[in-house]
Amino acid sequence: MEKLLQSKFKPSESEMEYFINSYKTLRMPMDFLSYKWCPFEDEENMVELCVHMMKDMLEPQLATNDPLLFELTCIVRNTYRDLPYHNFEHAVGVMHCAYIILKRNRGLFDQIEVTSIMISALCHDVDHPGLTNSFLVTINHPLAKLYEKSPLEHHHYYLCYYLLKNFKIFQHLDSNEYSKLMNNIKNNILATDLAVFLERRRNILKLKRNKAFNIISEPDRSLMKSILMTACDLSSTCKPFPPARMYTEAIIKEFYEQGDKEKMLGLIPASIMNRDLSARLPEEQVRFYVSLALPCYSLLVQIIPNTEQLYYGCLKVYFQWQLEVDKKSQPVWKVEESYLSAE
Ligand SMILES: [Zn+2]
């Protein structure tokens, strides 16, 4: 594993030289400090922009080591597969959302937490195969045999763990700091499983109902960082409608490919994975926004109030999907009917 990460994914010397030179003349995108920015707008500069975000957020020992940051970013980029959605562009988008939240809330997290969130966001889907956890379990995939829960997220975390260990990027940390960093990264990456999000959301709501939620205590901080990770992971749902729709179509493309595999195995795919039911997409999206995306951002606002732009962005996209449903005059889901909002 370590050898594999070192050889196959390492950037060439000329590639490294190209990026380091290109960074010197990098012009920041106009809307880079807004949640609306999408990585495809500056696709050719995604590596440089990742390094820029890390230089702004990581501890000085790392932030000033440009060659190291470029090498790390290139290796991570090369471990993402060429998929319609779970690709390097998605990682950059998730990291960008984390960057904006952290930049607007300096002091809310300590340096180890900030570093762990940035690295987790960048690495959270490395080597994603474009299949869901439940499908991996169904087909008895080796990853599903290896990890009892969240097989994909465990795989992403362990790749990230080996990458960082092999890269010796955190040599300046003492052993306590290093283990805090890795524990944070593990919590953050495992939190990107939506099943984990639903569980942690229930925990936070229960604590809040009992007025017992305390962001200073470590278990509650962990919950807060988990919600932050999901919010960043789903942040394409908060973009203006055209790109939000484009990202939806990209993930649906992956879903349909899995649906095709399921049909070949004689299984009945969920309707969102079934290309024969593509006319139901707006209803499926309304259902997704009501049961997952909106509850995620409304909870994030309760914990980190100045993230309300994400919530309103998400709400606008939800209304657009709802409009498409209304045009078809079919039964719809409503926010107030969500089983989640009743909790
Ligand atoms: Zn993701």
# chains A, B, ... in the order shown; residues from 1 in each chain; ligands from 1
>>> closest_atom_pairs(of="chain A", to="ligand 1", cutoff="12 Å", atoms="only C-alpha atoms and all ligand atoms", output="tab-separated table")
residue	atom	partner	partner_atom_place_in_ligand_line	distance
A:Tyr80	CA	ligand 1	1 (Zn)	11.2
A:Tyr85	CA	ligand 1	1 (Zn)	8.7
A:His86	CA	ligand 1	1 (Zn)	6.5
A:Asn87	CA	ligand 1	1 (Zn)	8.8
A:Phe88	CA	ligand 1	1 (Zn)	9.9
A:Glu89	CA	ligand 1	1 (Zn)	10.2
A:His90	CA	ligand 1	1 (Zn)	6.6
A:Ala91	CA	ligand 1	1 (Zn)	6.7
A:Val92	CA	ligand 1	1 (Zn)	10.0
A:Gly93	CA	ligand 1	1 (Zn)	9.2
A:Val94	CA	ligand 1	1 (Zn)	7.2
A:Met95	CA	ligand 1	1 (Zn)	10.1
A:Cys97	CA	ligand 1	1 (Zn)	11.9
A:Ser120	CA	ligand 1	1 (Zn)	10.4
A:Ala121	CA	ligand 1	1 (Zn)	8.2
A:Leu122	CA	ligand 1	1 (Zn)	9.3
A:Cys123	CA	ligand 1	1 (Zn)	9.1
A:His124	CA	ligand 1	1 (Zn)	6.3
A:Asp125	CA	ligand 1	1 (Zn)	5.4
A:Val126	CA	ligand 1	1 (Zn)	9.1
A:Asp127	CA	ligand 1	1 (Zn)	11.2
A:His128	CA	ligand 1	1 (Zn)	8.9
A:Pro129	CA	ligand 1	1 (Zn)	11.9
A:Gly130	CA	ligand 1	1 (Zn)	10.7
A:Thr132	CA	ligand 1	1 (Zn)	11.6
A:Leu152	CA	ligand 1	1 (Zn)	10.6
A:Glu153	CA	ligand 1	1 (Zn)	9.5
A:His156	CA	ligand 1	1 (Zn)	10.2
A:Asn188	CA	ligand 1	1 (Zn)	11.5
A:Ile189	CA	ligand 1	1 (Zn)	9.2
A:Leu190	CA	ligand 1	1 (Zn)	10.9
A:Ala191	CA	ligand 1	1 (Zn)	10.4
A:Thr192	CA	ligand 1	1 (Zn)	6.8
A:Asp193	CA	ligand 1	1 (Zn)	8.7
A:Leu194	CA	ligand 1	1 (Zn)	10.0
A:Met229	CA	ligand 1	1 (Zn)	9.2
A:Thr230	CA	ligand 1	1 (Zn)	8.3
A:Ala231	CA	ligand 1	1 (Zn)	10.2
A:Cys232	CA	ligand 1	1 (Zn)	8.4
A:Asp233	CA	ligand 1	1 (Zn)	4.9
A:Leu234	CA	ligand 1	1 (Zn)	7.3
A:Ser235	CA	ligand 1	1 (Zn)	9.6
A:Ser236	CA	ligand 1	1 (Zn)	10.2
A:Tyr247	CA	ligand 1	1 (Zn)	11.9
A:Ile251	CA	ligand 1	1 (Zn)	10.6
>>> residues_around(residues="region 271-279 of chain A", least_positions_apart="5", cutoff="8 Å", atoms="only C-alpha atoms", output="ChimeraX atom specification")
/A:252,255-260,284
>>> write_last_selection(atoms="N, CA, C and O atoms", output="CSV table (one decimal), in the first residue's frame")
chain,number,residue,atom,x,y,z
A,252,ILE,N,-26.3,11.3,-10.5
A,252,ILE,CA,-27.3,10.4,-11.0
A,252,ILE,C,-26.7,9.4,-12.0
A,252,ILE,O,-27.1,8.3,-12.1
A,255,PHE,N,-25.2,6.7,-10.2
A,255,PHE,CA,-26.3,5.9,-9.6
A,255,PHE,C,-26.9,5.0,-10.7
A,255,PHE,O,-27.1,3.8,-10.4
A,256,TYR,N,-27.1,5.5,-11.9
A,256,TYR,CA,-27.7,4.7,-13.0
A,256,TYR,C,-26.7,3.6,-13.4
A,256,TYR,O,-27.2,2.5,-13.7
A,257,GLU,N,-25.4,3.9,-13.3
A,257,GLU,CA,-24.5,2.8,-13.7
A,257,GLU,C,-24.5,1.7,-12.6
A,257,GLU,O,-24.5,0.5,-13.0
A,258,GLN,N,-24.7,2.1,-11.4
A,258,GLN,CA,-24.9,1.0,-10.3
A,258,GLN,C,-26.2,0.3,-10.5
A,258,GLN,O,-26.3,-0.9,-10.4
A,259,GLY,N,-27.3,1.1,-10.9
A,259,GLY,CA,-28.6,0.5,-11.1
A,259,GLY,C,-28.5,-0.6,-12.2
A,259,GLY,O,-29.1,-1.7,-12.1
A,260,ASP,N,-27.7,-0.3,-13.3
A,260,ASP,CA,-27.6,-1.2,-14.4
A,260,ASP,C,-26.9,-2.5,-13.9
A,260,ASP,O,-27.3,-3.6,-14.2
A,284,GLU,N,-37.6,12.8,-6.7
A,284,GLU,CA,-36.5,12.2,-5.9
A,284,GLU,C,-35.6,13.3,-5.2
A,284,GLU,O,-35.2,13.2,-4.1
>>> atom_distance(atom1="CA of Leu49 (chain A)", atom2="CA of Asn78 (chain A)")
16.1 Å
>>> closest_residue(among="A:Phe32, A:Leu267, A:Cys74, A:Glu283", to="Lys8 (chain A)", atoms="only C-alpha atoms")
A:Cys74
>>> closest_atom_pairs(of="region 47-87 of chain A", to="region 103-106 of chain A", cutoff="12 Å", atoms="only C-alpha atoms", output="Markdown table")
| residue | atom | partner | partner_atom | distance |
| --- | --- | --- | --- | --- |
| A:Met53 | CA | A:Lys103 | CA | 9.7 |
| A:Met54 | CA | A:Lys103 | CA | 11.3 |
| A:Asp56 | CA | A:Lys103 | CA | 8.7 |
| A:Met57 | CA | A:Lys103 | CA | 7.9 |
| A:Leu58 | CA | A:Lys103 | CA | 11.5 |
>>> write_last_selection(atoms="N, CA and C atoms", output="tab-separated table (two decimals), in the first residue's frame")
chain	number	residue	atom	x	y	z
A	53	MET	N	-5.55	27.35	-0.49
A	53	MET	CA	-6.42	27.22	0.69
A	53	MET	C	-5.63	26.64	1.87
A	54	MET	N	-4.76	25.66	1.57
A	54	MET	CA	-3.97	25.08	2.67
A	54	MET	C	-2.97	26.08	3.22
A	56	ASP	N	-3.36	29.16	3.49
A	56	ASP	CA	-4.10	30.12	4.30
A	56	ASP	C	-4.53	29.52	5.64
A	57	MET	N	-4.65	28.21	5.71
A	57	MET	CA	-5.28	27.59	6.89
A	57	MET	C	-4.35	26.72	7.74
A	58	LEU	N	-3.35	26.09	7.14
A	58	LEU	CA	-2.55	25.14	7.90
A	58	LEU	C	-1.48	25.87	8.75
